[in-house]
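Trainee: Have a look at this one before I ask anything.
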Amino acid sequence: MAAKKNNNKKKQMNRIVIRPNIMWVWSSLLIIILGSWLFGGPTSEPIKSDWNTVEQFVKAGEVAKIEVVNRDEAHVYLKPEAVESLQSMEGIDPRYKNLPKTGYQFYFAIGSVDTFRSDIDKVEEESSTRVNITYDNDARDWLDILLQTLPWLLFIVFWVFLLRGFSRGGNGGGNLMNVGKARAQEFNQDDPNRKITFKDVAGLEEAKVEIMEIVDFLKNARKYRELGAKIPKGALLVGPPGTGKTLLAKAVAGEANVPFLSISGSDFVEMFVGVGASRVRDLFDQAKKKAPCIVFIDEIDAIGRARGKNAGFSGNDERENTLNQLLTEMDGFQTNAGVIVLAATNRADILDKALMRAGRFDRQIEVGLPDLHERREIFDVHLRKLKLDPQLDRDFLAKQTPGFSGADIANVCNEAALIAARHNKSEVSKEDFLAAVDRIIGGLERKNKVITPAEKRTIAYHEAGHATVSWLLENANPLVKVTIIPRGKALGAAWYLPEERQITTRHQIMDELASTLAGRVAEQMFFDHISTGALNDLERVTKQAYAMVAYYGMSEKVGTLSYYDSTGQSDMSFTKPYSERTAQQIDDEVKAIIDEAYATAKRTLEENRDGMVRLAELLLEREVVFTEDVEAIFGKRKSKEQPTTEKDAEVEEVATTQEEVTEA
């Protein structure tokens, strides 16, 4: 076995192939030159001197000859014994220790050949010595020139490679001048592996109808032009994250038989002034040349944020300059005939109004969370590649994932496959998908978390209180599962299956508030104390109650008023849109609503005390309780009936979606 492991290690090591790179050559050469310059030993080279020093050697008779080069420099050749004498002497200039034994030993500049010759004659008369003087017109040694220019050449080459790496992301090559070019990617329609059509996009039927009209105009423009219709100049895809906005744009690229340019909003933002506007101009120049053409800008809120809302920036902000250029290109003095702009964002509330007007983005296509039917279609798409249990009910999976986006459903399918593989299963079953949903919603199970028996008992009664009230109140969300196994930051959790509705009544919200407060009520009833475990419950209840009073007008004292700002652009963070007296009324009404829900939860638990105790003890025994167990204790849930009394008939319906209720 050890030999096999060693052989496997050797094979893995042999698989590591080092690929040569031209940068290695330059780096090695630069390191060798710097190393020899910094750490190289002493070299023998001539010493730069002057006439006064050389005069002493001439008087001593130690000069063999002097060579005048190019009439401006004198090379002094010492006799061999003079060189050895200088190298062996102590207490002199240390440079003399490295005098070259061949060639000249000193050199110095001369101002004039005549003056130099007269100085030599004078010294010869005084010392009775003769010096051989020669003259030479020699060109500079090519090696000296190379040594002087090589550092500059290396410096230039280094900057060339640096600038190429810097601008490699731009179109048209690798140089710094391309930094203002748009980094748009053109969709390759001939690649079957990347081509996505509307058949690959599950759900989003309404959005596909809007988008397909634009595609149909590009394919059959004559039909529309005969009627005098004009194609929309732009379409904005708006929706929560993960709902398929970018996927829908990819489908447009696959369906339309025209050039498709794709770019992200963040690609326009750069540290250099004017680069963003330059890239916008270049993008539309490319699109005009390929018209008819579609331009897709993903996450347009990166540059489309409302002007004047950027704290800490002036009107000359680079982002605002980029936005101004985009506004001009989309619908300015020069029209862009044949260029259609698609954009996607999940922050439509912060976009500039000039960007949203007709003539730029003529259509705002809502890409919302999928409903039950659309979720089943999305599951069908993502389950194609999985090896599934033949008895798997896909309608059941769609019902278990309310509020999930397309990206969430894709994550559920992948997590289910991972869980099945972790347990060495041959196929993915229903239990794996339920475990994947629990994993995504609640987080990982933390079975090793240390919890004392008293804490575990408190958690069991707390969760049993939630489960009991939610099961018995007909307007509360039905229970799916309750557990006291810690998940993520929660010590216990209960899963509900909320009804998919478009409007929510006051009775429904009150029952949900009572169900949320039931955990705190159960702690106080059975243990005569309260704990910090209800923090999340109290936070949700408080926000929901304030929304009922201040947003939805569900309070008689405050009245049918709403202080909700759907645009998100008001200054409510600095000033309140109501007086202090109204604020006091809102606080009083919120407290009254929470007290009413608390009383409802307490009354329900007192009337069903024995059943809740049985449920809590079952939780302590099993740690996980399902719908069937709750139904065995309390019976089937009450069916929802229409209100019969006059008071119940006066239901105040809120014209808002369930998502808005949750956000508020």
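Lettering and numbering for the structure tokens are positional, with chains as A, B, ... in the shown order, residues counted from 1 in each chain, and ligands counted from 1 in the shown order.
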Identify, on the basis of only C-alpha atoms, every residue whose closest approach to Ala436 (chain A) does not exceed 7 Å; exclude the query and any residue fewer than 6 positions from it along the same chain; express the result as a PyMOL selection string.

Mentor: chain A and resi 412+415-416

Trainee: Any idea what's packed within 8 Å of region 254-267 of chain A, counting only C-alpha atoms, ignoring anything in its chain fewer than 4 positions away? Could you give it as a PDB file with N, CA, C and O atoms, in the first residue's frame?

Mentor:
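The new file around_32.pdb reads:
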ATOM      1  N   ALA A 182     -14.763  50.295 -24.841  1.00  0.00           N
ATOM      2  CA  ALA A 182     -15.785  49.535 -24.124  1.00  0.00           C
ATOM      3  C   ALA A 182     -15.413  48.057 -24.095  1.00  0.00           C
ATOM      4  O   ALA A 182     -14.916  47.514 -25.085  1.00  0.00           O
ATOM      5  N   ARG A 183     -15.667  47.412 -22.955  1.00  0.00           N
ATOM      6  CA  ARG A 183     -15.322  46.004 -22.788  1.00  0.00           C
ATOM      7  C   ARG A 183     -16.519  45.106 -23.067  1.00  0.00           C
ATOM      8  O   ARG A 183     -16.757  44.130 -22.372  1.00  0.00           O
ATOM      9  N   ALA A 184     -17.286  45.451 -24.065  1.00  0.00           N
ATOM     10  CA  ALA A 184     -18.477  44.681 -24.390  1.00  0.00           C
ATOM     11  C   ALA A 184     -18.090  43.371 -25.051  1.00  0.00           C
ATOM     12  O   ALA A 184     -17.155  43.304 -25.852  1.00  0.00           O
ATOM     13  N   GLN A 185     -18.838  42.323 -24.717  1.00  0.00           N
ATOM     14  CA  GLN A 185     -18.631  41.008 -25.307  1.00  0.00           C
ATOM     15  C   GLN A 185     -19.751  40.738 -26.307  1.00  0.00           C
ATOM     16  O   GLN A 185     -20.929  40.901 -25.990  1.00  0.00           O
ATOM     17  N   GLU A 186     -19.372  40.331 -27.493  1.00  0.00           N
ATOM     18  CA  GLU A 186     -20.367  40.037 -28.519  1.00  0.00           C
ATOM     19  C   GLU A 186     -20.752  38.571 -28.442  1.00  0.00           C
ATOM     20  O   GLU A 186     -19.895  37.691 -28.369  1.00  0.00           O
ATOM     21  N   PHE A 187     -22.052  38.333 -28.438  1.00  0.00           N
ATOM     22  CA  PHE A 187     -22.563  36.972 -28.326  1.00  0.00           C
ATOM     23  C   PHE A 187     -22.307  36.212 -29.626  1.00  0.00           C
ATOM     24  O   PHE A 187     -22.572  36.721 -30.722  1.00  0.00           O
ATOM     25  N   GLN A 189     -23.445  33.563 -31.911  1.00  0.00           N
ATOM     26  CA  GLN A 189     -24.657  32.799 -32.199  1.00  0.00           C
ATOM     27  C   GLN A 189     -24.371  31.436 -32.802  1.00  0.00           C
ATOM     28  O   GLN A 189     -25.259  30.584 -32.856  1.00  0.00           O
ATOM     29  N   LYS A 195     -25.655  28.811 -26.635  1.00  0.00           N
ATOM     30  CA  LYS A 195     -26.900  29.384 -27.127  1.00  0.00           C
ATOM     31  C   LYS A 195     -28.058  28.996 -26.224  1.00  0.00           C
ATOM     32  O   LYS A 195     -28.299  27.820 -25.948  1.00  0.00           O
ATOM     33  N   ILE A 196     -28.780  29.993 -25.745  1.00  0.00           N
ATOM     34  CA  ILE A 196     -29.941  29.797 -24.872  1.00  0.00           C
ATOM     35  C   ILE A 196     -31.147  30.428 -25.552  1.00  0.00           C
ATOM     36  O   ILE A 196     -31.068  31.559 -26.047  1.00  0.00           O
ATOM     37  N   THR A 197     -32.253  29.713 -25.587  1.00  0.00           N
ATOM     38  CA  THR A 197     -33.480  30.219 -26.196  1.00  0.00           C
ATOM     39  C   THR A 197     -34.555  30.350 -25.129  1.00  0.00           C
ATOM     40  O   THR A 197     -34.355  29.998 -23.959  1.00  0.00           O
ATOM     41  N   PHE A 198     -35.715  30.864 -25.548  1.00  0.00           N
ATOM     42  CA  PHE A 198     -36.816  31.035 -24.595  1.00  0.00           C
ATOM     43  C   PHE A 198     -37.332  29.690 -24.078  1.00  0.00           C
ATOM     44  O   PHE A 198     -37.952  29.635 -23.013  1.00  0.00           O
ATOM     45  N   VAL A 215     -37.983  41.022 -30.058  1.00  0.00           N
ATOM     46  CA  VAL A 215     -37.290  40.075 -30.935  1.00  0.00           C
ATOM     47  C   VAL A 215     -38.051  39.908 -32.243  1.00  0.00           C
ATOM     48  O   VAL A 215     -37.460  39.861 -33.340  1.00  0.00           O
ATOM     49  N   LEU A 218     -37.407  42.740 -34.618  1.00  0.00           N
ATOM     50  CA  LEU A 218     -36.131  42.628 -35.315  1.00  0.00           C
ATOM     51  C   LEU A 218     -36.199  41.612 -36.443  1.00  0.00           C
ATOM     52  O   LEU A 218     -35.551  41.779 -37.484  1.00  0.00           O
ATOM     53  N   LYS A 219     -36.990  40.549 -36.245  1.00  0.00           N
ATOM     54  CA  LYS A 219     -37.091  39.522 -37.277  1.00  0.00           C
ATOM     55  C   LYS A 219     -38.048  39.937 -38.392  1.00  0.00           C
ATOM     56  O   LYS A 219     -37.810  39.650 -39.571  1.00  0.00           O
ATOM     57  N   LYS A 250     -29.935  36.502 -21.997  1.00  0.00           N
ATOM     58  CA  LYS A 250     -29.222  35.494 -22.774  1.00  0.00           C
ATOM     59  C   LYS A 250     -30.152  34.816 -23.779  1.00  0.00           C
ATOM     60  O   LYS A 250     -29.733  34.485 -24.897  1.00  0.00           O
ATOM     61  N   ALA A 287     -22.186  49.598 -31.607  1.00  0.00           N
ATOM     62  CA  ALA A 287     -23.557  49.164 -31.880  1.00  0.00           C
ATOM     63  C   ALA A 287     -24.098  49.795 -33.159  1.00  0.00           C
ATOM     64  O   ALA A 287     -24.808  49.133 -33.937  1.00  0.00           O
ATOM     65  N   LYS A 290     -23.037  48.021 -36.233  1.00  0.00           N
ATOM     66  CA  LYS A 290     -23.615  46.688 -36.410  1.00  0.00           C
ATOM     67  C   LYS A 290     -25.138  46.717 -36.418  1.00  0.00           C
ATOM     68  O   LYS A 290     -25.774  45.669 -36.341  1.00  0.00           O
ATOM     69  N   ALA A 291     -25.734  47.928 -36.469  1.00  0.00           N
ATOM     70  CA  ALA A 291     -27.192  48.056 -36.406  1.00  0.00           C
ATOM     71  C   ALA A 291     -27.846  47.291 -37.571  1.00  0.00           C
ATOM     72  O   ALA A 291     -27.306  47.264 -38.685  1.00  0.00           O
ATOM     73  N   PRO A 292     -29.025  46.662 -37.311  1.00  0.00           N
ATOM     74  CA  PRO A 292     -29.726  46.611 -36.028  1.00  0.00           C
ATOM     75  C   PRO A 292     -28.979  45.747 -35.013  1.00  0.00           C
ATOM     76  O   PRO A 292     -28.460  44.695 -35.362  1.00  0.00           O
ATOM     77  N   CYS A 293     -28.972  46.220 -33.768  1.00  0.00           N
ATOM     78  CA  CYS A 293     -28.142  45.589 -32.741  1.00  0.00           C
ATOM     79  C   CYS A 293     -28.816  45.749 -31.390  1.00  0.00           C
ATOM     80  O   CYS A 293     -29.573  46.709 -31.161  1.00  0.00           O
ATOM     81  N   ILE A 294     -28.546  44.796 -30.484  1.00  0.00           N
ATOM     82  CA  ILE A 294     -29.066  44.848 -29.115  1.00  0.00           C
ATOM     83  C   ILE A 294     -27.887  45.019 -28.168  1.00  0.00           C
ATOM     84  O   ILE A 294     -26.893  44.301 -28.254  1.00  0.00           O
ATOM     85  N   VAL A 295     -28.007  45.977 -27.260  1.00  0.00           N
ATOM     86  CA  VAL A 295     -26.991  46.223 -26.236  1.00  0.00           C
ATOM     87  C   VAL A 295     -27.601  45.880 -24.886  1.00  0.00           C
ATOM     88  O   VAL A 295     -28.668  46.408 -24.531  1.00  0.00           O
ATOM     89  N   PHE A 296     -26.957  45.000 -24.136  1.00  0.00           N
ATOM     90  CA  PHE A 296     -27.444  44.602 -22.808  1.00  0.00           C
ATOM     91  C   PHE A 296     -26.485  45.112 -21.747  1.00  0.00           C
ATOM     92  O   PHE A 296     -25.288  44.811 -21.777  1.00  0.00           O
ATOM     93  N   ILE A 297     -27.000  45.916 -20.810  1.00  0.00           N
ATOM     94  CA  ILE A 297     -26.213  46.460 -19.701  1.00  0.00           C
ATOM     95  C   ILE A 297     -26.728  45.822 -18.413  1.00  0.00           C
ATOM     96  O   ILE A 297     -27.844  46.119 -17.965  1.00  0.00           O
ATOM     97  N   ASP A 298     -25.946  44.948 -17.843  1.00  0.00           N
ATOM     98  CA  ASP A 298     -26.330  44.270 -16.597  1.00  0.00           C
ATOM     99  C   ASP A 298     -25.973  45.143 -15.401  1.00  0.00           C
ATOM    100  O   ASP A 298     -24.942  45.825 -15.398  1.00  0.00           O
ATOM    101  N   GLU A 299     -26.823  45.123 -14.372  1.00  0.00           N
ATOM    102  CA  GLU A 299     -26.630  45.925 -13.151  1.00  0.00           C
ATOM    103  C   GLU A 299     -26.395  47.397 -13.511  1.00  0.00           C
ATOM    104  O   GLU A 299     -25.382  48.005 -13.172  1.00  0.00           O
ATOM    105  N   ILE A 300     -27.370  47.972 -14.183  1.00  0.00           N
ATOM    106  CA  ILE A 300     -27.227  49.349 -14.644  1.00  0.00           C
ATOM    107  C   ILE A 300     -27.246  50.346 -13.500  1.00  0.00           C
ATOM    108  O   ILE A 300     -26.863  51.509 -13.667  1.00  0.00           O
ATOM    109  N   ASP A 301     -27.683  49.930 -12.316  1.00  0.00           N
ATOM    110  CA  ASP A 301     -27.689  50.849 -11.175  1.00  0.00           C
ATOM    111  C   ASP A 301     -26.285  51.272 -10.770  1.00  0.00           C
ATOM    112  O   ASP A 301     -26.119  52.229 -10.018  1.00  0.00           O
ATOM    113  N   ALA A 302     -25.241  50.589 -11.268  1.00  0.00           N
ATOM    114  CA  ALA A 302     -23.867  50.993 -10.963  1.00  0.00           C
ATOM    115  C   ALA A 302     -23.558  52.363 -11.538  1.00  0.00           C
ATOM    116  O   ALA A 302     -22.742  53.106 -10.978  1.00  0.00           O
ATOM    117  N   ILE A 303     -24.199  52.718 -12.649  1.00  0.00           N
ATOM    118  CA  ILE A 303     -23.966  54.037 -13.244  1.00  0.00           C
ATOM    119  C   ILE A 303     -25.248  54.849 -13.365  1.00  0.00           C
ATOM    120  O   ILE A 303     -25.191  56.041 -13.664  1.00  0.00           O
TER     121      ILE A 303
END

Trainee: Quick one: residues within 12 Å of Phe116 (chain A), only C-alpha atoms counted, chain neighbours fewer than 5 positions away excluded, as a PyMOL selection string?

Mentor: chain A and resi 50-52+54-55+66-68+71-74+108-111+121-123+133

Trainee: For Thr246 (chain A), which residue among A:Ala407, A:Gln364, A:Trp152, A:Ala522 is the nearest when counting only C-alpha atoms?

Mentor: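 Smallest distance to Thr246 (chain A) is found for A:Ala407.
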
Trainee: Please list as a ChimeraX atom specification every residue within 7 Å of region 319-322 of chain A, counting only C-alpha atoms and excluding residues in the same chain fewer than 5 positions away.

Mentor: /A:269,276-277,303,307

Trainee: Could you pull out all residues of region 452-602 of chain A with a DSSP call of alpha helix (DSSP H) and give them as a ChimeraX atom specification?

Mentor: /A:453-472,506-527,535-550,580-602

Trainee: If we count only C-alpha atoms and set the cut-off at 12 Å, which residues sit around Glu556 (chain A), ignoring sequence neighbours fewer than 4 positions away in its own chain? Please answer as a PyMOL selection string.

Mentor: chain A and resi 548-550+552+560-561+585-586+588-590+592-593+652

Trainee: So that I can see what lies close to region 473-480 of chain A, please list as a VMD selection string the residues with an atom at most 6 Å from it, counting only C-alpha atoms and leaving out residues fewer than 4 positions away in the same chain.

Mentor: chain A and resid 469 495 to 498 508 511 to 512 627 638

Trainee: Using only C-alpha atoms, which residues sit within 9 Å of region 202-209 of chain A once same-chain residues fewer than 3 positions away are excluded, as a count of residues only?

Mentor: 25

Trainee: May I ask for the distance between CA of Ser531 (chain A) and CA of Val624 (chain A), given in Å to one decimal place?

Mentor: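 Going from CA of Ser531 (chain A) over to CA of Val624 (chain A), I get 22.1 Å.
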
Trainee: In Å to one decimal, how far is CA of Ala514 (chain A) from CA of Ala601 (chain A)?

Mentor: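 Answer for the CA of Ala601 (chain A) to CA of Ala514 (chain A) separation: 5.0 Å.
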
Trainee: In Å, how far is it from CA of Lys79 (chain A) to CA of Ile145 (chain A)?

Mentor: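 Here the two named atoms are 28.9 Å from each other.
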